[in-house]
Every structure is written in structure tokens, then in C-alpha cells.
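Okay, upload.csv is below, CSV, C-alpha atoms:
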chain,number,residue,atom,x,y,z
A,1,MET,CA,-55.9,-35.6,-2.6
A,2,ARG,CA,-57.3,-32.2,-1.5
A,3,LEU,CA,-54.9,-29.9,0.3
A,4,PHE,CA,-55.9,-27.0,2.6
A,5,PRO,CA,-54.0,-23.7,2.1
A,6,LEU,CA,-51.0,-23.6,4.4
A,7,THR,CA,-52.3,-20.7,6.4
A,8,LEU,CA,-55.6,-22.5,7.1
A,9,SER,CA,-53.8,-25.8,8.0
A,10,LEU,CA,-51.6,-23.9,10.5
A,11,SER,CA,-54.6,-22.2,11.9
A,12,LEU,CA,-56.4,-25.5,12.4
A,13,MET,CA,-53.4,-27.0,14.0
A,14,ALA,CA,-53.0,-24.1,16.4
A,15,GLY,CA,-56.7,-24.3,17.4
A,16,ALA,CA,-56.3,-28.0,18.1
A,17,ALA,CA,-53.2,-27.5,20.1
A,18,MET,CA,-55.0,-24.8,22.2
A,19,ALA,CA,-58.1,-27.0,22.8
A,20,GLU,CA,-58.5,-28.1,26.4
A,21,ASP,CA,-60.9,-30.5,28.1
A,22,ILE,CA,-62.0,-29.9,31.7
A,23,LYS,CA,-64.5,-31.3,34.1
A,24,VAL,CA,-66.5,-28.9,36.3
A,25,GLY,CA,-68.4,-30.1,39.3
A,26,VAL,CA,-71.8,-28.6,40.0
A,27,SER,CA,-74.9,-29.3,42.2
A,28,PRO,CA,-78.3,-30.0,40.6
A,29,GLY,CA,-80.6,-27.2,39.5
A,30,GLU,CA,-79.4,-23.7,38.5
A,31,HIS,CA,-75.7,-24.4,38.9
A,32,ALA,CA,-75.9,-27.4,36.5
A,33,GLU,CA,-78.2,-25.6,34.0
A,34,ILE,CA,-76.0,-22.4,33.9
A,35,MET,CA,-72.8,-24.4,33.5
A,36,GLU,CA,-74.3,-26.2,30.5
A,37,GLU,CA,-74.9,-22.8,28.9
A,38,VAL,CA,-71.3,-21.8,29.9
A,39,ALA,CA,-70.1,-24.9,28.1
A,40,LYS,CA,-71.8,-23.8,24.9
A,41,ILE,CA,-70.1,-20.4,25.0
A,42,ALA,CA,-66.7,-21.9,25.9
A,43,ALA,CA,-66.6,-24.6,23.2
A,44,PRO,CA,-65.9,-22.4,20.1
A,45,ALA,CA,-62.9,-20.9,22.0
A,46,GLY,CA,-61.4,-24.3,22.5
A,47,LEU,CA,-62.5,-25.1,26.0
A,48,ASN,CA,-64.5,-28.3,26.2
A,49,ILE,CA,-66.4,-28.5,29.5
A,50,ASP,CA,-67.8,-31.8,30.9
A,51,VAL,CA,-70.4,-30.8,33.4
A,52,VAL,CA,-70.4,-33.3,36.3
A,53,GLU,CA,-73.4,-33.2,38.7
A,54,PHE,CA,-73.0,-34.1,42.4
A,55,SER,CA,-76.0,-34.8,44.6
A,56,ASP,CA,-74.6,-33.2,47.8
A,57,TYR,CA,-72.3,-30.4,49.0
A,58,VAL,CA,-69.4,-32.4,50.3
A,59,VAL,CA,-68.2,-34.5,47.4
A,60,PRO,CA,-67.5,-31.7,44.8
A,61,ASN,CA,-64.7,-30.2,46.9
A,62,GLN,CA,-63.2,-33.7,47.6
A,63,ALA,CA,-63.4,-34.5,43.9
A,64,LEU,CA,-61.6,-31.3,43.1
A,65,ALA,CA,-58.9,-31.8,45.7
A,66,ASP,CA,-58.4,-35.4,44.4
A,67,GLY,CA,-58.0,-34.2,40.8
A,68,ASP,CA,-61.1,-35.9,39.5
A,69,ILE,CA,-62.4,-32.6,38.3
A,70,GLN,CA,-60.6,-29.4,37.4
A,71,ALA,CA,-63.0,-26.8,38.9
A,72,ASN,CA,-66.4,-26.6,40.7
A,73,SER,CA,-69.2,-24.1,40.8
A,74,PHE,CA,-71.8,-24.8,43.5
A,75,GLN,CA,-70.8,-23.1,46.7
A,76,HIS,CA,-70.6,-19.7,48.4
A,77,VAL,CA,-67.5,-18.3,50.1
A,78,PRO,CA,-68.5,-19.1,53.7
A,79,TYR,CA,-69.1,-22.7,52.8
A,80,LEU,CA,-65.7,-22.9,51.0
A,81,ASP,CA,-63.9,-21.3,53.9
A,82,ASN,CA,-65.5,-23.8,56.3
A,83,GLN,CA,-64.5,-26.8,54.1
A,84,VAL,CA,-60.9,-25.5,53.8
A,85,LYS,CA,-60.7,-25.1,57.5
A,86,ASP,CA,-62.3,-28.4,58.4
A,87,ARG,CA,-60.9,-30.7,55.7
A,88,GLY,CA,-57.6,-29.0,54.8
A,89,PHE,CA,-58.4,-28.6,51.1
A,90,ASP,CA,-56.0,-26.4,49.2
A,91,LEU,CA,-58.7,-24.8,47.1
A,92,VAL,CA,-59.2,-21.2,46.0
A,93,PRO,CA,-62.0,-19.1,44.5
A,94,VAL,CA,-61.2,-17.5,41.1
A,95,ALA,CA,-64.5,-15.7,40.2
A,96,THR,CA,-67.9,-14.9,41.6
A,97,THR,CA,-71.0,-16.3,39.8
A,98,ILE,CA,-74.5,-16.0,41.2
A,99,THR,CA,-76.4,-15.4,44.4
A,100,THR,CA,-79.4,-17.6,45.2
A,101,PRO,CA,-81.4,-16.4,48.1
A,102,MET,CA,-82.5,-19.2,50.5
A,103,GLY,CA,-86.3,-19.6,50.8
A,104,LEU,CA,-88.7,-20.8,53.5
A,105,TYR,CA,-91.2,-23.3,52.1
A,106,SER,CA,-94.2,-25.1,53.6
A,107,ASP,CA,-96.8,-27.6,52.3
A,108,ASP,CA,-99.4,-26.3,54.7
A,109,LEU,CA,-98.7,-22.6,55.5
A,110,SER,CA,-99.1,-19.6,53.3
A,111,SER,CA,-97.2,-17.0,55.4
A,112,VAL,CA,-94.6,-16.7,58.2
A,113,GLU,CA,-97.3,-15.4,60.5
A,114,ASP,CA,-99.1,-18.8,60.3
A,115,LEU,CA,-96.3,-20.7,61.9
A,116,PRO,CA,-97.7,-22.2,65.1
A,117,ASP,CA,-96.1,-22.3,68.5
A,118,GLY,CA,-93.8,-25.2,68.6
A,119,ALA,CA,-93.5,-25.5,64.8
A,120,THR,CA,-90.8,-27.8,63.4
A,121,ILE,CA,-88.5,-26.2,61.0
A,122,GLY,CA,-86.2,-28.1,58.6
A,123,ILE,CA,-82.7,-26.7,58.1
A,124,PRO,CA,-79.5,-28.0,56.4
A,125,ASN,CA,-77.2,-30.0,58.6
A,126,ASP,CA,-74.0,-28.6,57.3
A,127,PRO,CA,-72.5,-25.8,59.4
A,128,THR,CA,-72.6,-23.0,56.9
A,129,ASN,CA,-76.0,-23.6,55.3
A,130,GLY,CA,-77.5,-24.5,58.7
A,131,GLY,CA,-76.1,-21.2,60.1
A,132,ARG,CA,-77.4,-19.4,57.0
A,133,ALA,CA,-80.9,-20.8,57.7
A,134,LEU,CA,-80.8,-19.6,61.3
A,135,LEU,CA,-79.7,-16.1,60.1
A,136,VAL,CA,-82.7,-16.1,57.7
A,137,LEU,CA,-85.1,-16.9,60.6
A,138,GLN,CA,-83.5,-14.1,62.6
A,139,GLN,CA,-84.0,-11.8,59.6
A,140,LEU,CA,-87.7,-12.8,59.6
A,141,GLY,CA,-88.0,-11.9,63.3
A,142,LEU,CA,-88.7,-15.5,64.4
A,143,ILE,CA,-85.6,-16.0,66.5
A,144,THR,CA,-82.7,-14.0,68.0
A,145,LEU,CA,-79.2,-15.4,67.9
A,146,ALA,CA,-76.5,-14.8,70.5
A,147,GLU,CA,-74.1,-12.0,69.7
A,148,GLY,CA,-70.7,-12.9,68.1
A,149,THR,CA,-71.8,-16.1,66.4
A,150,GLY,CA,-70.9,-14.8,62.9
A,151,LEU,CA,-72.0,-16.6,59.8
A,152,THR,CA,-72.1,-20.1,61.4
A,153,PRO,CA,-74.5,-20.1,64.3
A,154,THR,CA,-76.0,-23.3,65.5
A,155,VAL,CA,-79.3,-24.1,67.3
A,156,LEU,CA,-77.3,-23.9,70.5
A,157,ASP,CA,-76.8,-20.2,69.9
A,158,LEU,CA,-80.5,-19.2,70.2
A,159,ALA,CA,-80.9,-16.2,72.6
A,160,GLU,CA,-84.6,-15.9,72.0
A,161,ASN,CA,-87.1,-18.3,70.5
A,162,PRO,CA,-90.6,-16.8,71.3
A,163,LYS,CA,-92.5,-19.4,69.1
A,164,ASN,CA,-90.6,-22.3,70.7
A,165,LEU,CA,-89.5,-23.4,67.2
A,166,ARG,CA,-88.0,-26.9,67.0
A,167,PHE,CA,-85.4,-27.7,64.4
A,168,ARG,CA,-84.8,-30.8,62.3
A,169,GLU,CA,-81.4,-30.8,60.7
A,170,LEU,CA,-81.2,-32.8,57.5
A,171,ASP,CA,-79.0,-33.1,54.4
A,172,ALA,CA,-79.7,-30.0,52.3
A,173,ALA,CA,-80.7,-32.2,49.3
A,174,GLN,CA,-83.3,-34.0,51.4
A,175,LEU,CA,-85.1,-30.9,52.6
A,176,PRO,CA,-87.6,-30.6,49.8
A,177,ARG,CA,-88.8,-34.2,50.4
A,178,SER,CA,-89.1,-33.4,54.1
A,179,LEU,CA,-91.9,-30.8,53.7
A,180,PRO,CA,-94.7,-33.2,54.5
A,181,ASP,CA,-93.0,-34.0,57.8
A,182,VAL,CA,-92.2,-30.5,59.0
A,183,ASP,CA,-94.2,-27.2,59.3
A,184,ALA,CA,-91.6,-25.4,57.1
A,185,ALA,CA,-88.1,-25.8,55.8
A,186,LEU,CA,-85.3,-23.5,54.7
A,187,ILE,CA,-84.2,-24.8,51.3
A,188,ASN,CA,-81.3,-23.7,49.1
A,189,THR,CA,-82.5,-22.5,45.7
A,190,ASN,CA,-80.7,-25.1,43.7
A,191,TYR,CA,-82.5,-28.0,45.6
A,192,ALA,CA,-85.8,-26.1,45.5
A,193,ILE,CA,-85.7,-25.7,41.7
A,194,ALA,CA,-84.5,-29.3,41.2
A,195,SER,CA,-87.5,-30.5,43.2
A,196,GLY,CA,-90.0,-28.5,41.1
A,197,LEU,CA,-90.4,-25.6,43.6
A,198,ASN,CA,-90.5,-22.1,42.2
A,199,PRO,CA,-88.7,-19.8,44.7
A,200,ARG,CA,-90.7,-16.8,43.6
A,201,THR,CA,-94.2,-18.3,43.9
A,202,ASP,CA,-93.8,-21.3,46.2
A,203,SER,CA,-91.7,-19.9,49.1
A,204,ILE,CA,-93.5,-18.1,52.0
A,205,ALA,CA,-90.4,-16.0,52.6
A,206,MET,CA,-87.0,-15.3,51.0
A,207,GLU,CA,-83.6,-14.3,52.3
A,208,SER,CA,-82.7,-10.7,51.6
A,209,ALA,CA,-80.7,-10.2,48.5
A,210,ASP,CA,-78.2,-8.3,50.5
A,211,ASN,CA,-76.2,-11.2,51.9
A,212,PRO,CA,-72.7,-12.6,51.9
A,213,TYR,CA,-73.5,-15.8,50.2
A,214,VAL,CA,-72.3,-15.1,46.6
A,215,ASN,CA,-71.3,-18.3,44.8
A,216,VAL,CA,-67.9,-18.8,43.3
A,217,ILE,CA,-65.9,-20.8,40.8
A,218,VAL,CA,-63.2,-22.8,42.7
A,219,VAL,CA,-60.0,-24.4,41.5
A,220,ARG,CA,-57.0,-26.1,43.1
A,221,ASN,CA,-54.4,-23.7,44.4
A,222,GLY,CA,-51.8,-23.4,41.7
A,223,ASP,CA,-54.3,-23.5,38.8
A,224,GLN,CA,-55.4,-19.9,39.2
A,225,ASP,CA,-53.3,-18.7,36.3
A,226,ALA,CA,-53.9,-21.5,33.9
A,227,PRO,CA,-55.2,-20.2,30.6
A,228,TRP,CA,-58.4,-22.4,30.8
A,229,VAL,CA,-59.4,-20.7,34.1
A,230,GLN,CA,-59.7,-17.3,32.4
A,231,GLN,CA,-61.5,-18.9,29.5
A,232,LEU,CA,-64.0,-20.5,31.9
A,233,ILE,CA,-64.5,-17.2,33.7
A,234,ASP,CA,-64.9,-15.2,30.4
A,235,ALA,CA,-67.5,-17.7,29.2
A,236,TYR,CA,-69.4,-17.6,32.5
A,237,HIS,CA,-69.3,-13.8,32.7
A,238,SER,CA,-70.5,-13.4,29.1
A,239,ASP,CA,-73.5,-11.4,28.1
A,240,GLU,CA,-75.2,-14.5,26.7
A,241,VAL,CA,-75.0,-16.4,30.1
A,242,LYS,CA,-76.2,-13.3,31.9
A,243,ALA,CA,-79.2,-13.0,29.6
A,244,PHE,CA,-80.0,-16.8,30.0
A,245,ILE,CA,-80.0,-16.4,33.8
A,246,GLU,CA,-82.2,-13.3,33.8
A,247,GLU,CA,-84.7,-14.9,31.4
A,248,LYS,CA,-84.8,-18.4,32.9
A,249,TYR,CA,-84.9,-17.6,36.6
A,250,ASP,CA,-86.9,-14.3,36.6
A,251,GLY,CA,-85.1,-12.7,39.5
A,252,THR,CA,-84.7,-15.7,41.8
A,253,VAL,CA,-81.1,-16.2,40.7
A,254,LEU,CA,-79.0,-13.0,40.8
A,255,THR,CA,-75.8,-12.5,38.7
A,256,SER,CA,-72.7,-11.0,40.4
A,257,TRP,CA,-71.2,-9.3,37.3

For the structure just supplied, provide its representation as C-alpha cells.
Amino acid sequence: MRLFPLTLSLSLMAGAAMAEDIKVGVSPGEHAEIMEEVAKIAAPAGLNIDVVEFSDYVVPNQALADGDIQANSFQHVPYLDNQVKDRGFDLVPVATTITTPMGLYSDDLSSVEDLPDGATIGIPNDPTNGGRALLVLQQLGLITLAEGTGLTPTVLDLAENPKNLRFRELDAAQLPRSLPDVDAALINTNYAIASGLNPRTDSIAMESADNPYVNVIVVRNGDQDAPWVQQLIDAYHSDEVKAFIEEKYDGTVLTSW
């Protein structure tokens, strides 16, 4: 029988003891693709990441709160804050990841100036991303929102609407498929990419990169200091993952580190 040297055997045993398996929830598109790269970086250090895709923005936080996954990486801080407030989740951000500017897309129009009077605009139906879409329209000079609405305005907060825009509020994942039925739609980058849209070339306008919607890795309160959390962050914030993002997304996805 072949025997390993004692030092090697002890080293292998220590590595096995330190190995950890976690599930990380993501949304389709860039969040899933990036986390797959993170998993490759984390594996040699003993952190085995099972990347779990969710098709909407609601389930990943519920799954995390229920203990079905150990972390998620799909949302920005305003959305997390709203979920914690509305649903009572005891969840906390532990690291920033990427920023994905929201884009305005249209099947028929080539510029914002082409929007006709009375145009129908698709926006997400969740409070934070719907509010974000309205803020983008305000940034583009298409509407003016009432003062004091913060990051979660609604269509009831319009102070000025010179083009008499009408709004169709849909689940964020459905917006790419709604393009034949609306004049334009505000679509989150992950759903745009997952639907074959290129944010750089297919959008007719993009949100400013100077925005508060940086995405975060989120865990249950109490897990912040777990060793695997720092391993996950270190793998995500690695030079290899940064290079992957810069090469694959060509400036449409921005890193926070």
C-alpha cells in the first residue's frame, strides 16, 4: 500500500476540513456569468460555490432568509433596503460588486427625441426599479418628478410630463419581451443581456454611471464574519474577475473595486 508523507497527509486533511460548500443566488445575465467566474477563483481556496439562478427579483431574498441559499448577488442597496423594510428580512450587505446602468430600449425608435406625444413606456413594477426608471426619464429631460420623492418615486409623483407619456408597469424580467407592445422600455442590464440586447449598441439612452445603484453581496445577519464570506468577497474582488468583467462587457458593466 502506498503511503503519503505525514506532512502531505496532514495538509490534505486540513484542506478538506477547511472546504466549504455554499449556494449563491443570482439573477440571469451578468450576475450569473460573473458568479460562475468567481466560483472558479474560489474553488482552489476550498470554497465550492453552487450558483443558483432565479428568474425574478423577489425570490432570491426570500430564499436567503429561509436558509435555502447562503448568499445572493443580484441587487442594489435601495432595492435591498426596500425589501428589508417591506418584508422584514434580516439581511445585510457585505461587499459591493458591480454597477449596471439601466437602459432605454425601443424596437422602433432610434433616439429619445423620436418619442412621440403620448408614447407608452414600459417600466419595472417593483418600487425601487420602477422609481429608478422614472429617475432615468427625469435625467433624460422627459419628465419632472415632485420634490422629496427620493429614490422610490411612482407615476403618481409626476410634476411635469410634457410629452404626456403613459406608463406600463411590468415585471422587470418581462420588459424585453414587451418591446413590440410599447414605444420604449427601461430595462435592467441583466435582463437586457439575457434577452440578447447589447446595452452599448441597442439602447437609445443609458442611465448616468454616477448613480446610487451599486450592487452588493448579501448574507443573513450573523453570517458577516463567517470565514467563507471573506473568501467569497476575495474571489469576487480578484484581479481575474475584474479583467473578465472589463473584457466581456466592454464598459456596460462597471466594477466597484

Measuring atom to atom with all atoms listed in the file, identify which of A:Thr144, A:Asn164, A:Gln75, A:Gln174 is nearest to Ile98 (chain A).
->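 Among A:Thr144, A:Asn164, A:Gln75, A:Gln174, it is A:Gln75 that comes nearest to Ile98 (chain A).
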
Pairwise distance for CA of Leu47 (chain A) and CA of His76 (chain A), rounded to one decimal in Å |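 Result for CA of Leu47 (chain A) versus CA of His76 (chain A): 24.4 Å, one decimal.
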
For Ala159 (chain A): contacts at 12 Å, all atoms listed in the file, fewer than 3 positions along chain excluded, given as a ChimeraX atom specification | /A:134,138,142-149,153-156,162,164

Selected residues, C-alpha atoms, written as a JSON list (two decimals), in the coordinates of the input, please.
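Contents of the output file out_33.json:
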[["chain", "number", "residue", "atom", "x", "y", "z"],
["A", 134, "LEU", "CA", -80.80, -19.60, 61.30],
["A", 138, "GLN", "CA", -83.50, -14.10, 62.60],
["A", 142, "LEU", "CA", -88.70, -15.50, 64.40],
["A", 143, "ILE", "CA", -85.60, -16.00, 66.50],
["A", 144, "THR", "CA", -82.70, -14.00, 68.00],
["A", 145, "LEU", "CA", -79.20, -15.40, 67.90],
["A", 146, "ALA", "CA", -76.50, -14.80, 70.50],
["A", 147, "GLU", "CA", -74.10, -12.00, 69.70],
["A", 148, "GLY", "CA", -70.70, -12.90, 68.10],
["A", 149, "THR", "CA", -71.80, -16.10, 66.40],
["A", 153, "PRO", "CA", -74.50, -20.10, 64.30],
["A", 154, "THR", "CA", -76.00, -23.30, 65.50],
["A", 155, "VAL", "CA", -79.30, -24.10, 67.30],
["A", 156, "LEU", "CA", -77.30, -23.90, 70.50],
["A", 162, "PRO", "CA", -90.60, -16.80, 71.30],
["A", 164, "ASN", "CA", -90.60, -22.30, 70.70]]

Neighbour list for Arg177 (chain A) as a list of chain:residue names, cut-off 12 Å, all atoms listed in the file, skip fewer than 5 positions in-chain |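 What passes the distance filter is A:Tyr105, A:Ser106, A:Asp107, A:Gly122, A:Leu170, A:Asp171, A:Ala172, A:Val182, A:Ala184, A:Ala185, A:Ile187, A:Tyr191, A:Ala192, A:Ala194, A:Ser195, A:Gly196, A:Leu197.
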
Distance in Å - CA of Val94 (chain A) versus CA of Asp223 (chain A) | 9.4 Å

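Minimum atom-to-atom distance to Val219 (chain A), evaluated using only C-alpha atoms, belongs to A:Asp90 out of A:Asp56, A:Asp90, A:Glu36, A:Asp81.
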
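The coordinates place CA of Pro78 (chain A) at 9.4 Å from CA of Asn215 (chain A).
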
From the list A:Lys163, A:Arg87, A:Arg200, A:His31, which residue is nearest Val216 (chain A) when using only C-alpha atoms?
-> A:His31

Using all atoms listed in the file, can you list as a PDB file with C-alpha atoms, in the frame of the given file the residues within 8 Å of (-77.8, -16.1, 50.2)?
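Saved the output as result-v1.pdb:
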ATOM      1  CA  THR A  99     -76.400 -15.400  44.400  1.00  0.00           C
ATOM      2  CA  THR A 100     -79.400 -17.600  45.200  1.00  0.00           C
ATOM      3  CA  PRO A 101     -81.400 -16.400  48.100  1.00  0.00           C
ATOM      4  CA  MET A 102     -82.500 -19.200  50.500  1.00  0.00           C
ATOM      5  CA  ARG A 132     -77.400 -19.400  57.000  1.00  0.00           C
ATOM      6  CA  GLU A 207     -83.600 -14.300  52.300  1.00  0.00           C
ATOM      7  CA  SER A 208     -82.700 -10.700  51.600  1.00  0.00           C
ATOM      8  CA  ALA A 209     -80.700 -10.200  48.500  1.00  0.00           C
ATOM      9  CA  ASP A 210     -78.200  -8.300  50.500  1.00  0.00           C
ATOM     10  CA  ASN A 211     -76.200 -11.200  51.900  1.00  0.00           C
ATOM     11  CA  PRO A 212     -72.700 -12.600  51.900  1.00  0.00           C
ATOM     12  CA  TYR A 213     -73.500 -15.800  50.200  1.00  0.00           C
ATOM     13  CA  VAL A 214     -72.300 -15.100  46.600  1.00  0.00           C
TER      14      VAL A 214
END

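Of the residues under consideration (A:Ile41, A:Ile22, A:Ala205, A:Leu254), A:Ile41 shows the shortest atom-to-atom contact distance to Val241 (chain A) when counting all atoms listed in the file.
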
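Shortest atom-to-atom contact with Trp228 (chain A) among A:Ser27, A:Val38, A:Gln70, A:Glu33: A:Gln70, counting all atoms listed in the file.
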
Excluding Leu165 (chain A) and residues on its chain fewer than 6 positions from it, collect all residues at most 7 Å away from it, counting only C-alpha atoms, and give them as a ChimeraX atom specification.
-> /A:117-121

Hey, could you patch up region 229-240 of chain A with all heavy atoms and hand it over as a PDB file, in the frame of the given file?
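Heads up, here's the output in result-v2.pdb:
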ATOM      1  N   VAL A 229     -58.592 -21.366  32.973  1.00  0.00           N
ATOM      2  CA  VAL A 229     -59.400 -20.700  34.100  1.00  0.00           C
ATOM      3  C   VAL A 229     -59.956 -19.417  33.567  1.00  0.00           C
ATOM      4  O   VAL A 229     -61.142 -19.136  33.779  1.00  0.00           O
ATOM      5  CB  VAL A 229     -58.487 -20.518  35.304  1.00  0.00           C
ATOM      6  CG1 VAL A 229     -59.241 -19.701  36.350  1.00  0.00           C
ATOM      7  CG2 VAL A 229     -58.057 -21.859  35.892  1.00  0.00           C
ATOM      8  N   GLN A 230     -59.153 -18.608  32.901  1.00  0.00           N
ATOM      9  CA  GLN A 230     -59.700 -17.300  32.400  1.00  0.00           C
ATOM     10  C   GLN A 230     -60.702 -17.577  31.295  1.00  0.00           C
ATOM     11  O   GLN A 230     -61.698 -16.835  31.200  1.00  0.00           O
ATOM     12  CB  GLN A 230     -58.528 -16.477  31.853  1.00  0.00           C
ATOM     13  CG  GLN A 230     -58.942 -15.041  31.541  1.00  0.00           C
ATOM     14  CD  GLN A 230     -59.525 -14.325  32.757  1.00  0.00           C
ATOM     15  OE1 GLN A 230     -58.902 -14.279  33.813  1.00  0.00           O
ATOM     16  NE2 GLN A 230     -60.730 -13.773  32.619  1.00  0.00           N
ATOM     17  N   GLN A 231     -60.510 -18.609  30.474  1.00  0.00           N
ATOM     18  CA  GLN A 231     -61.500 -18.900  29.500  1.00  0.00           C
ATOM     19  C   GLN A 231     -62.852 -19.304  30.122  1.00  0.00           C
ATOM     20  O   GLN A 231     -63.919 -18.896  29.653  1.00  0.00           O
ATOM     21  CB  GLN A 231     -61.033 -20.112  28.601  1.00  0.00           C
ATOM     22  CG  GLN A 231     -59.946 -19.775  27.595  1.00  0.00           C
ATOM     23  CD  GLN A 231     -59.560 -21.005  26.803  1.00  0.00           C
ATOM     24  OE1 GLN A 231     -58.876 -21.896  27.300  1.00  0.00           O
ATOM     25  NE2 GLN A 231     -60.015 -21.068  25.564  1.00  0.00           N
ATOM     26  N   LEU A 232     -62.772 -20.078  31.192  1.00  0.00           N
ATOM     27  CA  LEU A 232     -64.000 -20.500  31.900  1.00  0.00           C
ATOM     28  C   LEU A 232     -64.685 -19.257  32.506  1.00  0.00           C
ATOM     29  O   LEU A 232     -65.908 -19.107  32.389  1.00  0.00           O
ATOM     30  CB  LEU A 232     -63.609 -21.466  33.032  1.00  0.00           C
ATOM     31  CG  LEU A 232     -64.728 -21.884  33.999  1.00  0.00           C
ATOM     32  CD1 LEU A 232     -65.875 -22.549  33.247  1.00  0.00           C
ATOM     33  CD2 LEU A 232     -64.165 -22.828  35.064  1.00  0.00           C
ATOM     34  N   ILE A 233     -63.916 -18.366  33.124  1.00  0.00           N
ATOM     35  CA  ILE A 233     -64.500 -17.200  33.700  1.00  0.00           C
ATOM     36  C   ILE A 233     -65.119 -16.282  32.634  1.00  0.00           C
ATOM     37  O   ILE A 233     -66.237 -15.776  32.796  1.00  0.00           O
ATOM     38  CB  ILE A 233     -63.423 -16.375  34.486  1.00  0.00           C
ATOM     39  CG1 ILE A 233     -62.927 -17.191  35.684  1.00  0.00           C
ATOM     40  CG2 ILE A 233     -63.963 -15.022  34.955  1.00  0.00           C
ATOM     41  CD1 ILE A 233     -61.691 -16.611  36.354  1.00  0.00           C
ATOM     42  N   ASP A 234     -64.400 -16.091  31.528  1.00  0.00           N
ATOM     43  CA  ASP A 234     -64.900 -15.200  30.400  1.00  0.00           C
ATOM     44  C   ASP A 234     -66.220 -15.788  29.892  1.00  0.00           C
ATOM     45  O   ASP A 234     -67.155 -15.025  29.601  1.00  0.00           O
ATOM     46  CB  ASP A 234     -63.874 -15.128  29.332  1.00  0.00           C
ATOM     47  CG  ASP A 234     -62.678 -14.273  29.727  1.00  0.00           C
ATOM     48  OD1 ASP A 234     -62.757 -13.552  30.742  1.00  0.00           O
ATOM     49  OD2 ASP A 234     -61.642 -14.347  29.030  1.00  0.00           O
ATOM     50  N   ALA A 235     -66.300 -17.103  29.742  1.00  0.00           N
ATOM     51  CA  ALA A 235     -67.500 -17.700  29.200  1.00  0.00           C
ATOM     52  C   ALA A 235     -68.668 -17.544  30.218  1.00  0.00           C
ATOM     53  O   ALA A 235     -69.802 -17.226  29.839  1.00  0.00           O
ATOM     54  CB  ALA A 235     -67.291 -19.185  28.914  1.00  0.00           C
ATOM     55  N   TYR A 236     -68.372 -17.739  31.501  1.00  0.00           N
ATOM     56  CA  TYR A 236     -69.400 -17.600  32.500  1.00  0.00           C
ATOM     57  C   TYR A 236     -69.900 -16.159  32.603  1.00  0.00           C
ATOM     58  O   TYR A 236     -71.102 -15.893  32.695  1.00  0.00           O
ATOM     59  CB  TYR A 236     -68.875 -18.041  33.890  1.00  0.00           C
ATOM     60  CG  TYR A 236     -69.972 -18.462  34.853  1.00  0.00           C
ATOM     61  CD1 TYR A 236     -70.079 -19.779  35.287  1.00  0.00           C
ATOM     62  CD2 TYR A 236     -70.915 -17.554  35.316  1.00  0.00           C
ATOM     63  CE1 TYR A 236     -71.092 -20.163  36.160  1.00  0.00           C
ATOM     64  CE2 TYR A 236     -71.928 -17.929  36.184  1.00  0.00           C
ATOM     65  CZ  TYR A 236     -72.013 -19.229  36.593  1.00  0.00           C
ATOM     66  OH  TYR A 236     -73.027 -19.613  37.448  1.00  0.00           O
ATOM     67  N   HIS A 237     -68.982 -15.203  32.534  1.00  0.00           N
ATOM     68  CA  HIS A 237     -69.300 -13.800  32.700  1.00  0.00           C
ATOM     69  C   HIS A 237     -69.745 -13.154  31.348  1.00  0.00           C
ATOM     70  O   HIS A 237     -69.728 -11.924  31.221  1.00  0.00           O
ATOM     71  CB  HIS A 237     -68.158 -13.024  33.274  1.00  0.00           C
ATOM     72  CG  HIS A 237     -67.955 -13.291  34.727  1.00  0.00           C
ATOM     73  ND1 HIS A 237     -66.983 -12.659  35.478  1.00  0.00           N
ATOM     74  CD2 HIS A 237     -68.603 -14.113  35.588  1.00  0.00           C
ATOM     75  CE1 HIS A 237     -67.040 -13.092  36.730  1.00  0.00           C
ATOM     76  NE2 HIS A 237     -68.012 -13.971  36.816  1.00  0.00           N
ATOM     77  N   SER A 238     -70.128 -13.958  30.395  1.00  0.00           N
ATOM     78  CA  SER A 238     -70.500 -13.400  29.100  1.00  0.00           C
ATOM     79  C   SER A 238     -71.929 -12.850  29.140  1.00  0.00           C
ATOM     80  O   SER A 238     -72.735 -13.177  30.014  1.00  0.00           O
ATOM     81  CB  SER A 238     -70.490 -14.563  28.042  1.00  0.00           C
ATOM     82  OG  SER A 238     -71.468 -15.555  28.341  1.00  0.00           O
ATOM     83  N   ASP A 239     -72.209 -11.989  28.188  1.00  0.00           N
ATOM     84  CA  ASP A 239     -73.500 -11.400  28.100  1.00  0.00           C
ATOM     85  C   ASP A 239     -74.604 -12.467  27.819  1.00  0.00           C
ATOM     86  O   ASP A 239     -75.746 -12.360  28.292  1.00  0.00           O
ATOM     87  CB  ASP A 239     -73.579 -10.352  26.970  1.00  0.00           C
ATOM     88  CG  ASP A 239     -72.738  -9.124  27.289  1.00  0.00           C
ATOM     89  OD1 ASP A 239     -72.445  -8.901  28.482  1.00  0.00           O
ATOM     90  OD2 ASP A 239     -72.380  -8.397  26.352  1.00  0.00           O
ATOM     91  N   GLU A 240     -74.208 -13.501  27.061  1.00  0.00           N
ATOM     92  CA  GLU A 240     -75.200 -14.500  26.700  1.00  0.00           C
ATOM     93  C   GLU A 240     -75.614 -15.323  27.959  1.00  0.00           C
ATOM     94  O   GLU A 240     -76.795 -15.638  28.124  1.00  0.00           O
ATOM     95  CB  GLU A 240     -74.552 -15.520  25.698  1.00  0.00           C
ATOM     96  CG  GLU A 240     -74.280 -14.901  24.345  1.00  0.00           C
ATOM     97  CD  GLU A 240     -72.890 -14.281  24.246  1.00  0.00           C
ATOM     98  OE1 GLU A 240     -72.267 -13.991  25.283  1.00  0.00           O
ATOM     99  OE2 GLU A 240     -72.429 -14.079  23.099  1.00  0.00           O
TER     100      GLU A 240
END
